[in-house]
file target-v4.cif (mmCIF, C-alpha atoms and all ligand atoms)
data_start
loop_
_atom_site.label_atom_id
_atom_site.label_comp_id
_atom_site.auth_asym_id
_atom_site.auth_seq_id
_atom_site.Cartn_x
_atom_site.Cartn_y
_atom_site.Cartn_z
CA MET A 8 2.39 18.26 -11.83
CA ARG A 9 5.20 20.28 -10.35
CA HIS A 10 8.08 20.67 -12.79
CA ASP A 11 10.98 21.96 -10.74
CA VAL A 12 11.00 18.99 -8.35
CA PRO A 13 10.02 15.63 -9.85
CA ASN A 14 7.24 13.71 -8.20
CA PRO A 15 8.80 11.35 -5.66
CA PHE A 16 7.55 8.25 -7.38
CA MET A 17 8.79 9.46 -10.76
CA ALA A 18 11.93 7.62 -9.69
CA GLN A 19 9.80 4.49 -9.93
CA CYS A 20 7.84 5.67 -12.97
CA PRO A 21 10.45 6.91 -15.46
CA ASP A 22 8.12 6.37 -18.43
CA GLY A 23 5.55 8.85 -17.21
CA PRO A 24 4.06 10.58 -14.25
CA CYS A 25 2.03 8.83 -11.61
CA PRO A 26 -1.43 10.04 -12.65
CA GLY A 27 -3.05 12.47 -10.33
CA ALA A 28 0.17 12.52 -8.34
CA ASP A 29 -0.88 14.00 -6.35
CA ALA A 30 -2.88 15.79 -3.80
CA THR A 31 0.13 15.60 -1.55
CA HIS A 32 3.19 16.15 -3.71
CA GLY A 33 2.01 17.29 -7.11
CA ALA A 34 0.15 20.19 -8.61
CA ASP A 35 0.87 23.49 -6.93
CA PRO A 36 -2.76 24.74 -6.98
CA ILE A 37 -3.85 21.61 -5.15
CA GLU A 38 -1.02 21.96 -2.66
CA ALA A 39 -1.96 25.57 -2.10
CA ARG A 40 -5.60 24.66 -1.47
CA LEU A 41 -4.70 21.85 0.93
CA LEU A 42 -2.33 24.08 2.85
CA ALA A 43 -4.90 26.89 2.97
CA GLU A 44 -7.52 24.46 4.30
CA PHE A 45 -5.02 23.20 6.86
CA LEU A 46 -4.24 26.73 8.03
CA GLY A 47 -7.98 27.40 8.30
CA GLU A 48 -8.44 24.30 10.45
CA GLN A 49 -5.54 25.42 12.65
CA GLY A 50 -7.29 28.68 13.47
CA GLY A 51 -6.37 30.91 10.56
CA ALA A 52 -3.61 31.98 8.22
CA ASP A 53 -1.76 34.48 10.35
CA GLU A 54 1.71 35.51 9.25
CA ALA A 55 3.61 33.25 11.65
CA ARG A 56 1.57 30.17 10.72
CA VAL A 57 1.95 30.80 7.00
CA ALA A 58 5.70 31.31 7.40
CA GLU A 59 6.03 28.05 9.32
CA VAL A 60 4.06 26.08 6.71
CA LEU A 61 6.12 27.59 3.88
CA ARG A 62 9.35 26.83 5.73
CA ARG A 63 8.36 23.19 6.10
CA ARG A 64 7.15 22.85 2.51
CA ILE A 65 9.79 24.90 0.68
CA ASP A 66 12.91 24.99 2.86
CA LEU A 67 12.63 21.49 4.28
CA ASP A 68 10.84 19.96 1.23
CA GLU A 69 8.37 18.25 3.53
CA PRO A 70 5.45 16.63 1.70
CA VAL A 71 2.13 18.44 2.07
CA ALA A 72 0.54 15.27 3.46
CA TYR A 73 2.90 15.28 6.44
CA ILE A 74 2.25 18.96 7.07
CA THR A 75 -1.53 18.56 7.00
CA GLY A 76 -1.51 15.02 8.47
CA LYS A 77 -3.91 13.88 5.74
CA ALA A 78 -3.75 12.00 2.45
CA TYR A 79 -6.36 10.92 -0.06
CA PHE A 80 -6.59 7.45 -1.57
CA TRP A 81 -9.46 5.82 -3.47
CA THR A 82 -12.49 7.42 -1.80
CA LEU A 83 -10.84 7.71 1.59
CA GLU A 84 -9.29 10.51 3.60
CA LEU A 85 -6.52 8.97 5.70
CA GLU A 86 -4.33 10.06 8.57
CA VAL A 87 -0.63 10.06 7.72
CA SER A 88 2.53 10.85 9.63
CA PRO A 89 6.23 10.36 8.86
CA ASP A 90 5.78 6.85 10.33
CA VAL A 91 3.93 5.76 7.19
CA LEU A 92 4.37 5.99 3.44
CA ILE A 93 2.05 8.51 1.82
CA PRO A 94 -0.39 6.49 -0.33
CA ARG A 95 0.23 6.88 -4.09
CA PRO A 96 -2.49 6.98 -6.77
CA CYS A 97 -0.60 4.38 -8.83
CA SER A 98 -1.31 1.84 -6.05
CA GLU A 99 -5.05 2.02 -6.73
CA ILE A 100 -4.67 -0.62 -9.46
CA LEU A 101 -4.02 -3.12 -6.64
CA VAL A 102 -7.38 -2.26 -5.10
CA GLU A 103 -9.15 -2.66 -8.44
CA THR A 104 -7.43 -6.00 -8.99
CA ALA A 105 -8.17 -7.32 -5.49
CA VAL A 106 -11.80 -6.26 -5.63
CA GLY A 107 -12.16 -7.80 -9.10
CA HIS A 108 -10.86 -11.12 -7.75
CA LEU A 109 -13.17 -11.05 -4.72
CA ARG A 110 -16.15 -10.41 -6.96
CA LYS A 111 -15.17 -13.26 -9.29
CA ALA A 112 -14.71 -15.53 -6.30
CA ASP A 113 -18.30 -14.96 -5.36
CA GLU A 114 -19.67 -16.23 -8.65
CA PRO A 115 -22.21 -17.49 -9.61
CA THR A 116 -23.97 -14.85 -7.52
CA ALA A 117 -21.35 -12.30 -8.64
CA ASN A 118 -22.28 -10.36 -5.56
CA ALA A 119 -19.35 -9.42 -3.41
CA ASP A 120 -21.74 -8.40 -0.66
CA THR A 121 -23.08 -11.85 0.06
CA GLU A 122 -19.84 -13.69 0.75
CA ALA A 123 -17.58 -13.05 3.69
CA SER A 124 -14.27 -13.14 1.83
CA GLN A 125 -11.05 -12.46 3.60
CA ILE A 126 -8.13 -10.22 2.52
CA ILE A 127 -4.60 -10.02 3.91
CA ASP A 128 -2.45 -6.92 3.38
CA LEU A 129 1.27 -7.36 4.09
CA GLY A 130 2.95 -4.04 4.94
CA THR A 131 -0.30 -2.17 5.41
CA GLY A 132 1.16 1.24 6.38
CA THR A 133 -1.80 3.64 6.53
CA GLY A 134 -4.07 0.68 5.72
CA CYS A 135 -4.92 2.37 2.41
CA LEU A 136 -5.06 -0.75 0.21
CA LEU A 137 -6.97 -2.89 2.69
CA LEU A 138 -9.45 -0.19 3.70
CA ALA A 139 -10.14 0.77 0.08
CA ALA A 140 -10.78 -2.87 -0.86
CA LEU A 141 -13.03 -3.42 2.17
CA SER A 142 -14.95 -0.24 1.38
CA GLU A 143 -15.92 -1.86 -1.95
CA CYS A 144 -16.83 -5.30 -0.57
CA GLN A 145 -19.40 -4.94 2.17
CA ALA A 146 -19.11 -8.45 3.63
CA ALA A 147 -15.35 -8.88 3.35
CA ARG A 148 -13.00 -8.86 6.33
CA GLY A 149 -9.34 -8.00 6.31
CA LEU A 150 -6.10 -8.41 8.19
CA GLY A 151 -3.40 -5.76 7.83
CA VAL A 152 0.09 -6.44 9.13
CA ASP A 153 3.12 -4.23 9.48
CA LEU A 154 6.51 -4.42 11.13
CA SER A 155 6.10 -0.85 12.36
CA PRO A 156 3.99 -0.55 15.55
CA ALA A 157 3.44 3.14 14.74
CA ALA A 158 2.02 2.21 11.33
CA ILE A 159 -0.35 -0.29 12.96
CA ARG A 160 -1.64 2.44 15.29
CA ILE A 161 -2.25 4.77 12.33
CA ALA A 162 -3.96 2.01 10.32
CA ALA A 163 -6.23 1.34 13.32
CA ARG A 164 -7.24 5.00 13.48
CA ASN A 165 -7.80 5.02 9.73
CA ALA A 166 -10.05 1.95 10.01
CA GLU A 167 -12.14 3.85 12.59
CA ARG A 168 -12.15 6.96 10.43
CA ALA A 169 -13.47 4.92 7.50
CA GLY A 170 -16.06 3.19 9.72
CA LEU A 171 -14.48 -0.18 8.90
CA GLN A 172 -13.05 -1.08 12.31
CA ASP A 173 -15.48 -3.99 12.79
CA ARG A 174 -14.19 -5.70 9.64
CA VAL A 175 -10.47 -5.09 10.15
CA ALA A 176 -7.86 -6.85 12.25
CA LEU A 177 -4.34 -5.45 12.52
CA ALA A 178 -1.20 -7.18 13.71
CA ASN A 179 2.36 -6.10 14.30
CA LEU A 180 4.08 -8.87 12.32
CA ASP A 181 7.18 -9.36 10.20
CA PHE A 182 6.36 -10.85 6.80
CA THR A 183 9.84 -12.41 6.66
CA SER A 184 9.31 -14.31 9.93
CA PRO A 185 9.46 -18.14 9.87
CA THR A 186 6.30 -18.14 11.99
CA LEU A 187 4.34 -15.86 9.63
CA ALA A 188 1.85 -18.52 8.50
CA ALA A 189 0.94 -19.47 12.09
CA ASP A 190 0.86 -15.81 13.16
CA LEU A 191 -1.47 -14.87 10.30
CA ALA A 192 -3.71 -17.90 10.94
CA ALA A 193 -4.02 -16.79 14.58
CA SER A 194 -4.84 -13.19 13.65
CA MET A 195 -7.35 -13.65 10.81
CA PRO A 196 -10.75 -12.07 11.47
CA LEU A 197 -12.48 -15.18 10.07
CA PRO A 198 -10.42 -17.96 11.71
CA GLY A 199 -10.01 -21.13 9.70
CA GLN A 200 -11.10 -19.51 6.43
CA PRO A 201 -8.41 -19.03 3.76
CA ALA A 202 -7.93 -15.53 2.38
CA ARG A 203 -9.18 -15.01 -1.18
CA VAL A 204 -6.62 -12.25 -1.70
CA LEU A 205 -3.20 -11.53 -0.27
CA MET A 206 -2.08 -8.09 -1.32
CA SER A 207 1.11 -6.18 -0.71
CA ASN A 208 2.92 -3.04 -1.75
CA PRO A 209 6.26 -3.93 -0.18
CA PRO A 210 9.36 -1.73 -0.16
CA TYR A 211 10.93 -2.03 -3.64
CA ILE A 212 13.44 0.75 -4.17
CA THR A 213 16.98 -0.51 -4.61
CA THR A 214 19.66 0.48 -2.14
CA GLY A 215 21.39 2.39 -4.95
CA GLU A 216 18.22 4.26 -5.97
CA MET A 217 17.62 5.36 -2.38
CA LEU A 218 20.41 7.91 -2.72
CA ASP A 219 18.85 9.45 -5.83
CA LEU A 220 15.31 9.71 -4.52
CA ASP A 221 13.73 13.10 -4.44
CA PRO A 222 14.63 14.70 -1.08
CA SER A 223 10.95 15.05 -0.17
CA VAL A 224 10.82 11.24 -0.14
CA ARG A 225 14.35 10.35 0.96
CA ASP A 226 14.46 12.80 3.84
CA HIS A 227 10.88 12.45 5.10
CA GLU A 228 9.28 9.09 4.28
CA PRO A 229 10.19 6.01 6.35
CA HIS A 230 13.04 4.01 4.85
CA LEU A 231 11.43 0.84 6.21
CA ALA A 232 8.65 1.50 3.71
CA LEU A 233 10.96 2.22 0.77
CA GLU A 234 14.13 0.16 0.63
CA GLY A 235 13.95 -3.30 -0.92
CA GLY A 236 17.61 -4.34 -0.84
CA ALA A 237 20.31 -4.42 -3.51
CA ASP A 238 17.96 -5.28 -6.41
CA GLY A 239 14.72 -4.04 -4.81
CA LEU A 240 13.28 -7.55 -4.73
CA ALA A 241 14.20 -8.72 -1.21
CA CYS A 242 10.65 -8.44 0.12
CA TYR A 243 9.16 -10.24 -2.90
CA ARG A 244 11.59 -13.13 -2.34
CA ALA A 245 10.56 -13.24 1.32
CA ILE A 246 6.85 -13.24 0.39
CA ALA A 247 7.38 -15.90 -2.31
CA ASP A 248 9.22 -18.08 0.21
CA GLN A 249 6.18 -17.92 2.52
CA ILE A 250 3.74 -19.30 -0.08
CA PRO A 251 4.17 -23.05 0.65
CA SER A 252 3.67 -22.58 4.39
CA LEU A 253 0.74 -20.19 3.84
CA LEU A 254 -0.93 -22.90 1.74
CA ASP A 255 -0.09 -25.62 4.29
CA ALA A 256 -1.50 -23.53 7.13
CA GLY A 257 -4.73 -22.85 5.21
CA VAL A 258 -4.07 -19.11 5.18
CA LEU A 259 -4.25 -19.31 1.36
CA GLU A 260 -5.80 -21.92 -0.90
CA LYS A 261 -5.91 -22.81 -4.58
CA GLY A 262 -7.72 -19.96 -6.29
CA SER A 263 -6.42 -17.34 -3.86
CA ALA A 264 -4.80 -14.37 -5.58
CA ILE A 265 -1.53 -12.75 -4.64
CA VAL A 266 -1.68 -9.11 -5.73
CA LEU A 267 1.60 -7.20 -5.58
CA GLU A 268 2.70 -3.70 -6.51
CA ALA A 269 5.81 -3.61 -8.70
CA GLY A 270 8.43 -0.97 -9.42
CA SER A 271 8.38 0.13 -13.05
CA THR A 272 10.89 -2.47 -14.28
CA GLN A 273 10.18 -5.29 -11.82
CA ALA A 274 6.86 -6.92 -12.79
CA LEU A 275 8.20 -9.88 -14.81
CA ARG A 276 10.90 -10.70 -12.25
CA ILE A 277 8.32 -10.59 -9.45
CA ALA A 278 5.95 -12.86 -11.39
CA ALA A 279 8.82 -15.32 -11.92
CA LEU A 280 9.69 -15.32 -8.20
CA ILE A 281 6.11 -16.12 -7.19
CA CYS A 282 5.57 -18.72 -9.91
CA GLU A 283 8.74 -20.54 -8.88
CA LYS A 284 6.90 -21.41 -5.64
CA SER A 285 3.62 -22.20 -7.34
CA PRO A 286 4.41 -23.28 -10.91
CA SER A 287 0.92 -23.88 -12.35
CA SER A 288 -0.41 -20.54 -11.21
CA THR A 289 -1.81 -18.03 -13.66
CA VAL A 290 -0.21 -14.61 -13.93
CA GLU A 291 -1.67 -11.30 -14.96
CA ILE A 292 0.31 -8.07 -15.12
CA ARG A 293 -1.78 -4.92 -14.99
CA ARG A 294 -0.81 -1.38 -15.86
CA ASP A 295 -1.43 1.75 -13.87
CA LEU A 296 -2.99 4.80 -15.50
CA SER A 297 0.43 5.85 -16.81
CA GLY A 298 0.69 2.59 -18.72
CA ILE A 299 3.39 1.19 -16.42
CA ASP A 300 3.33 -2.49 -15.43
CA ARG A 301 2.44 -1.85 -11.81
CA CYS A 302 0.45 -4.77 -10.50
CA VAL A 303 1.30 -8.47 -10.56
CA LYS A 304 -1.60 -10.81 -9.89
CA VAL A 305 -0.83 -14.50 -9.41
CA THR A 306 -3.77 -16.84 -8.94
CA LEU A 307 -2.58 -19.93 -7.10
CA ALA A 308 -3.23 -23.34 -8.66
C1 LIG B 401 5.70 0.67 0.43
S1 LIG B 401 5.01 0.71 2.06
C2 LIG B 401 3.33 0.37 1.66
C3 LIG B 401 2.33 0.95 2.63
C4 LIG B 401 0.88 0.86 2.14
N1 LIG B 401 0.48 -0.51 1.97
C5 LIG B 401 0.74 1.62 0.84
O1 LIG B 401 0.52 0.98 -0.21
O2 LIG B 401 0.83 2.85 0.84
C6 LIG B 401 5.61 -0.81 2.74
C7 LIG B 401 5.15 -1.12 4.16
O3 LIG B 401 5.75 -2.38 4.53
C8 LIG B 401 6.15 -2.32 5.88
N2 LIG B 401 7.22 -3.33 6.04
C9 LIG B 401 8.50 -3.28 5.62
N3 LIG B 401 9.14 -4.42 5.92
C10 LIG B 401 8.24 -5.21 6.54
C11 LIG B 401 8.30 -6.52 7.09
N4 LIG B 401 9.42 -7.24 7.04
N5 LIG B 401 7.18 -7.04 7.65
C12 LIG B 401 6.04 -6.31 7.72
N6 LIG B 401 5.92 -5.06 7.21
C13 LIG B 401 7.00 -4.52 6.62
C14 LIG B 401 6.61 -0.89 6.07
O4 LIG B 401 6.60 -0.53 7.43
C15 LIG B 401 5.59 -0.14 5.21
O5 LIG B 401 4.47 0.25 6.00
#
call {"tool": "encode", "arguments": {"input": "target-v4.cif", "output": "structure tokens"}}
result
Amino acid sequence: MRHDVPNPFMAQCPDGPCPGADATHGADPIEARLLAEFLGEQGGADEARVAEVLRRRIDLDEPVAYITGKAYFWTLELEVSPDVLIPRPCSEILVETAVGHLRKADEPTANADTEASQIIDLGTGTGCLLLAALSECQAARGLGVDLSPAAIRIAARNAERAGLQDRVALANLDFTSPTLAADLAASMPLPGQPARVLMSNPPYITTGEMLDLDPSVRDHEPHLALEGGADGLACYRAIADQIPSLLDAGVLEKGSAIVLEAGSTQALRIAALICEKSPSSTVEIRRDLSGIDRCVKVTLA
């Protein structure tokens, strides 16, 4: 972990570092190795190239992942650009939780490979969450949506890169839209079949916190991926408001899980927002490897 400049998501994880954070922002030896590899791939570490890389990393505080164009998440190497958030290790708990729910859903066979479950990922960015979950569930299909057309193009290339393109659909949609349920129903890879899991890592940094973010985040990562309104919960409210119409449209069903990433102090408030729309649901709050309440799972009743 670098000590002079806090990890960008430390702003969201005040109780401890994001573990393994990260191959893109964190430990200097890892950064050095990634940059050396990158220079090698670019044809060698001549003086001008090294100077340019150091200028971007040190003077401009640009994240290593944007310099190299690559980030690592779960078992995947993903393309990134400043159009997408750099995947964070603390988000992997969402993948674990989603995959756990898909496997349970397939009981009594308990074999996630035999059932063609469906996953929706709202605000897919690089596609990291969806692709990681699909890589663990051989028969599952997934739909990733994002408001950013550039993010959708990157997610599509990442699906190809991971060899998952045949099981992934991507759509340029707004998860606050009044037509979301119909739009999702029309885009699902398994039409007419409710999703077993809806996952999302929506923007959750408050407008006030945006100013205090580490410059490597604030000045380089897309604000569309970061800012969640005055209290950071605007996107969760929008997603909660969609639940009744998602159930009516058969996009979700009883037993489907909503799996959401939370900022370090937000988990209980997010659970309350979702349960308001689906009162008998069961809630589980799961911690990331730093012990922070990071993942809210609501199983719809
Ligand atoms: C925090 S990033 C998460 C990206 C990726 N899922 C991850 O975990 O690294 C949030 C994503 O939501 C997208 N987004 C923001 N507002 C949206 C909206 N109203 N509808 C759809 N996507 C949205 C952003 O473009 C961004 O890709």
call {"tool": "closest_residue", "arguments": {"input": "target-v4.cif", "among": "A:Pro156, A:Pro286, A:Pro251, A:Gly170", "to": "ligand LIG 401 (chain B)", "atoms": "all atoms listed in the file"}}
result
A:Pro156
call {"tool": "axis_aligned_box", "arguments": {"input": "target-v4.cif", "around": "range 220-227 of chain A", "padding_each_side": "6 Å", "output": "AutoDock Vina command-line options"}}
result
--center_x 13.1 --center_y 12.4 --center_z 0.3 --size_x 16.5 --size_y 17.3 --size_z 21.6
call {"tool": "residues_near_point", "arguments": {"input": "target-v4.cif", "point": "(-4.6, -15.0, 11.8)", "cutoff": "12 Å", "atoms": "only C-alpha atoms", "output": "PyMOL selection string"}}
result
chain A and resi 125-128+148-152+175-180+186-202+253+256-259
call {"tool": "atom_distance", "arguments": {"input": "target-v4.cif", "atom1": "CA of Gly215 in chain A", "atom2": "atom C11 of ligand LIG 401 (chain B)"}}
result
19.9 Å
call {"tool": "residues_around", "arguments": {"input": "target-v4.cif", "residues": "Asn165 in chain A", "least_positions_apart": "4", "cutoff": "8 Å", "atoms": "all atoms listed in the file", "output": "VMD selection string"}}
result
chain A and resid 85 to 86 133 to 134 161 169
